[in-house]
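Single-structure report; data block below.
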Amino acid sequence: MITFDPVQKTLKLDSPNSSYIIGIHEEKYLLNLYYGAYLPDNNLWGNAVRAPFASFSPRNPHNDSFSPDTAPMEYGCNGSGDMRISALSVRNCFGNTTTDVRYVSHRIYAGKPDLFPLPHIYLNSDEEADTLEILTEDIATGAQAVLYYTAFRKLDVITRSVKVVNNSKEPMDIERAFSMNVELPSMDFDLITLYGTWNKERTCEKRRLVHGIQTIASKRGSSSHMHNPFAAFLRHGAGEEQGDAYGFSLIYSGNFEISAECSFQDTTRIIAGINPTDFGWHLEPGESFQTPEAVMVYTDKGLGEMSRIFHRLINNNLIRGRYKTEKRPLHINNWEATHCDFDGEKLFSIAQCARELGIEMLVMDDGWFGKRNDPTTSLGDWYPNPEKFPDGLDNLIKKIHALGMKFGIWFEPEMVSPDSDLFRAHPDWIVHCPNREPSIARSQYVLNMSRADVRDHLFGTMYAFLLENPVDYIKWDFNRNLSDAASALLPPERQKEFFHRYVLGTYDLMDRLTRAFPGILLESCSGGGGRFDGGMLYYSPQIQTSDNTDPIERLTIQFGTSLCYPASAMGSHVSASSRTGYVTKGNVALWGDFGYELDPTELSNTDREIIREQVKQYHQYYHLIQSGDLYRLIDPNDDPYKCAWSFVASDKSEILAAAVIMRENHKTRFVLKLAGLEKNRYYRNEENGEIYSGALLMNAGIDLTNVIRKDGESVLMHFTSV
Ligand code: GLA
């Protein structure tokens, strides 16, 4: 519900349990009067206008009591008296960057605008949400910002983005255009972010907000392993299942920034959007620029409920296509088994053995094309290596299909090896600056995806390949970050547009391919989880979570990832190398899009039996894991010894709980308390037939002290209501 109150001059966005209130000041400033638990009313002006600071806060020339320096500005502008981090800064035709957009008009309607060509949250029907569009303008320069907000009717979610328009007769340049700005009237929060590196993505990090600016960002050309475009703010005293939690996620795969600034008045401004470093956008008269979309979630039920809201939203309103609802195939990937050293015969033997274990799809990883036998050559030469497939790749695909299996394939479309026919034919297609030798990483250059000719070539090549080779799945990899950012096809005043144009180019290619081949399941990957974000999920319903398949290491990765992303998004594999046995590898990998990454011909008979059992579990628990509610029961970041989580069916009729011992603890008992059940309902432990009330399972718990004890041991427990 979105309402305008002409007396109070407020715009109020309500979701079932949250309210977001914008005030229109008499000088036409837009103020963020409130964001938090649902309010039935809106009499907030008394809280809004904070006293300007001594003589140091610049004031409105017509209203000495108002200063943008201390007011909760709805979309903080640079240079016009607001001294905090700004959401918007536009260099005007006079050369200065003072920006001051004020309210002009608004409109409210059911539904949500389409942000194509940007990935975005979509509605399944207009009844799902309402949209508010506020037109603002800087009358001195003609820079306009249209602020878009969509409030969901049944989910505590507000999405937002901004369109900057040049409504003047002179060119102008955007220097900063963030997707969102929120003002919280206090700073009693912990900021939770997901940092990492290759093999250790999305590790939770919690810090107490302090005065000044705290930032996470990427300028790697992708969202990156190092920081994820997501941040949560947890009020002091709140926890996993209680208290105020705010979550902000950016639907974007490129350079981003999320910052929080705590002011001298102990208030907090939060902004999220494209990283302004190395960003700019030139606007000729009449032109506009659309920012990526940000998602905001508020709940008073803690971090767990915040995550579950994100999960529902991503599953229902971001993931698209056939595999939004269709079961994802249980697959085996040959990378860890063979690296590039394989041929059609080896793959077929893996497939036969995997089929016998009940695995449904073979994914052929890196090394099938050009003359690639290691990562130094042939990226860009997307034709099968005739030595590896003497009977043709199409024949191997036929044979695998005849086994009753699907067939998947690896591509890294955005990259090219210096030793490739593509690079020899088009050396100018790589990302590079004039007069400078570009850097190289993993023996590869990056193709300039901002160029239409490069994208057309890639589309044409992949289209022809896919017509001839009917694959069921593509793993789309991206194995280095960008440097030497420039494009020969952009004029100097538009070079700062490069990074964003690159991302738009990648989205364009993904869009064309997924439209042309809607039956193919796309999984994105970037050295594991280096581009794990909402932008990618719009095209690929699942993403490789990490190259790290050690189940103990995976625990912190999966817990961190789950803060924002659902199990359905997390590619999760069991591999041969790790510290634990197959039971624990499987129990951990079941939390995601389950698969194997090993040579099944080398498995012992005992491990084969365990895998057969896991395949059954995969089918039995698939829907519960993919569409159930996640409860994080014991966080591996908080407990050095053990960790546990569960999936609860939305009607509370079924629970799958998992617990892992990371390190043996010789002293204490391990009693696991479940969460999210109905306290007066009774549940049967399917393993031993014992029956317990929901209240007992949540308050007294189940004693696991004698069930799992040693390093790496784990247990799965399935309860159904009786
Ligand atoms: C990346 C991926 C791996 C594998 C290799 C192939 O590192 O994360 O799974 O596909 O590339 O080169």
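For the structure tokens, the naming scheme is as follows: chains receive sequential letters (A, B, ...) according to their order of presentation, residues are indexed from 1 within each chain, and ligands are indexed from 1 in presentation order.
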From a DSSP calculation on the backbone, collect every residue of range 536-688 of chain A in alpha helix (DSSP H) and output the set as number ranges by chain. A: 536-539, 551-562, 582-589, 605-627
What's around range 608-623 of chain A at 7 Å? Count only C-alpha atoms, leave out sequence neighbours fewer than 5 positions away in its own chain, and write the answer as a PyMOL selection string. chain A and resi 357-358+582-583+586+590+603
Using N, CA and C atoms, can you write the selected residues to a file as a short mmCIF file (atom, residue, chain, number, x, y, z; two decimals), in the first residue's frame?
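Once written, result.cif looks like this:
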```
data_model
loop_
_atom_site.label_atom_id
_atom_site.label_comp_id
_atom_site.auth_asym_id
_atom_site.auth_seq_id
_atom_site.Cartn_x
_atom_site.Cartn_y
_atom_site.Cartn_z
N LEU A 357 24.91 -44.68 -10.50
CA LEU A 357 24.69 -44.22 -9.12
C LEU A 357 23.41 -43.39 -8.99
N GLY A 358 22.79 -43.06 -10.12
CA GLY A 358 21.55 -42.28 -10.07
C GLY A 358 21.74 -40.81 -10.40
N TYR A 582 32.35 -39.13 3.09
CA TYR A 582 31.28 -38.75 2.15
C TYR A 582 29.96 -38.39 2.83
N VAL A 583 29.72 -38.93 4.02
CA VAL A 583 28.44 -38.62 4.67
C VAL A 583 28.37 -37.12 4.95
N GLY A 586 28.19 -34.92 1.85
CA GLY A 586 26.83 -34.90 1.29
C GLY A 586 25.88 -34.08 2.14
N LEU A 590 24.01 -30.91 0.46
CA LEU A 590 22.56 -30.96 0.20
C LEU A 590 21.92 -29.58 0.36
N LEU A 603 35.78 -44.55 -7.03
CA LEU A 603 35.19 -44.62 -5.69
C LEU A 603 35.25 -46.04 -5.12
#
```
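Around ligand 1, using only C-alpha atoms and all ligand atoms and a cut-off of 7 Å, the residues in contact are A:Trp335, A:Asp365, A:Asp366, A:Pro375, A:Trp410, A:Asp477, A:Asn479, A:Cys525, A:Ser526, A:Gly527, A:Gly528, A:Ser546, A:Asp547.
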Dump as a compact mmCIF listing (two decimals), in the first residue's frame, selection limited to N, CA and C atoms:
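Done, and the output landed in part19.txt:
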```txt
# COMPACT_ATOMS: atom_id res chain seq x y z
N TRP A 335 35.57 -31.39 -13.50
CA TRP A 335 36.74 -30.53 -13.31
C TRP A 335 37.72 -31.09 -12.28
N ASP A 365 33.52 -29.80 -18.12
CA ASP A 365 34.10 -28.52 -17.72
C ASP A 365 35.16 -28.07 -18.72
N ASP A 366 35.96 -27.12 -18.30
CA ASP A 366 37.02 -26.50 -19.09
C ASP A 366 37.93 -27.55 -19.76
N PRO A 375 45.18 -24.15 -18.71
CA PRO A 375 44.53 -22.84 -18.83
C PRO A 375 45.31 -21.77 -19.62
N TRP A 410 30.91 -26.19 -20.26
CA TRP A 410 31.55 -25.00 -19.67
C TRP A 410 31.91 -24.00 -20.77
N ASP A 477 31.59 -19.18 -16.90
CA ASP A 477 32.65 -18.82 -15.95
C ASP A 477 33.21 -17.43 -16.24
N ASN A 479 36.93 -15.79 -14.98
CA ASN A 479 38.05 -16.16 -14.11
C ASN A 479 39.13 -15.11 -13.90
N CYS A 525 29.40 -18.70 -12.66
CA CYS A 525 30.55 -19.11 -11.84
C CYS A 525 31.61 -18.04 -12.06
N SER A 526 32.43 -17.80 -11.06
CA SER A 526 33.57 -16.92 -11.27
C SER A 526 34.64 -17.37 -10.30
N GLY A 527 35.48 -18.31 -10.76
CA GLY A 527 36.44 -18.92 -9.83
C GLY A 527 35.67 -19.32 -8.59
N GLY A 528 34.59 -20.08 -8.77
CA GLY A 528 33.65 -20.35 -7.67
C GLY A 528 32.67 -19.21 -7.56
N SER A 546 31.38 -21.72 -4.41
CA SER A 546 32.81 -21.59 -4.17
C SER A 546 33.51 -22.74 -4.86
N ASP A 547 34.80 -22.56 -5.18
CA ASP A 547 35.60 -23.70 -5.64
C ASP A 547 35.96 -24.59 -4.46
```
Give me, as a list of chain:residue names, all polymer residues having an atom no more than 8 Å from Ala245 in chain A, counting only C-alpha atoms and skipping those fewer than 5 positions away in the same chain.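 Those residues are A:Ala232, A:Phe233, A:Leu234, A:Arg235, A:Ala238, A:Tyr298, A:Thr299, A:Asp300, A:Lys301, A:Gly302, A:Leu303, A:Met306.
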Those residues you just picked out, can you put them in a file as a PDB file, in the first residue's frame with C-alpha atoms?
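The result, written out as again-v5.pdb:
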```
ATOM      1  CA  ALA A 232      22.656  -5.953   7.023  1.00  0.00           C
ATOM      2  CA  PHE A 233      22.192  -3.640   9.983  1.00  0.00           C
ATOM      3  CA  LEU A 234      21.299  -5.376  13.203  1.00  0.00           C
ATOM      4  CA  ARG A 235      20.206  -3.272  16.151  1.00  0.00           C
ATOM      5  CA  ALA A 238      18.859  -8.067  18.243  1.00  0.00           C
ATOM      6  CA  TYR A 298      13.092  -4.635   7.326  1.00  0.00           C
ATOM      7  CA  THR A 299      11.923  -7.012  10.036  1.00  0.00           C
ATOM      8  CA  ASP A 300      11.693  -6.944  13.824  1.00  0.00           C
ATOM      9  CA  LYS A 301      12.243 -10.721  13.881  1.00  0.00           C
ATOM     10  CA  GLY A 302      16.012 -10.784  13.528  1.00  0.00           C
ATOM     11  CA  LEU A 303      18.530 -11.767  10.886  1.00  0.00           C
ATOM     12  CA  MET A 306      15.442 -11.008   7.121  1.00  0.00           C
TER      13      MET A 306
END
```
Let me make sure I understand: among A:Asp635, A:Glu414, A:Glu497, A:Glu257, which one has the smallest atom-to-atom distance to Trp476 in chain A if we use only C-alpha atoms? A:Glu414
I'd like the neighbourhood of Val671 in chain A as a CSV table (one decimal) with C-alpha atoms, in the first residue's frame, where a residue qualifies if any of its atoms comes within 7 Å (using only C-alpha atoms), though same-chain residues fewer than 3 positions away should be ignored.
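Resulting contents of out.csv:
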```csv
chain,number,residue,atom,x,y,z
A,701,GLY,CA,16.1,-29.7,22.2
A,702,ILE,CA,17.5,-33.0,21.1
A,703,ASP,CA,20.7,-34.3,22.8
A,704,LEU,CA,23.3,-35.1,20.1
A,705,THR,CA,26.2,-35.6,22.5
```
So that I can see what lies close to Phe152 in chain A, please list as JSON, numbers by chain the residues with an atom at most 10 Å from it, counting only C-alpha atoms and leaving out residues fewer than 4 positions away in the same chain. {"A": [1, 2, 13, 14, 15, 16, 111, 112, 123, 127, 128, 129, 130, 131, 156, 157, 158, 159, 313]}
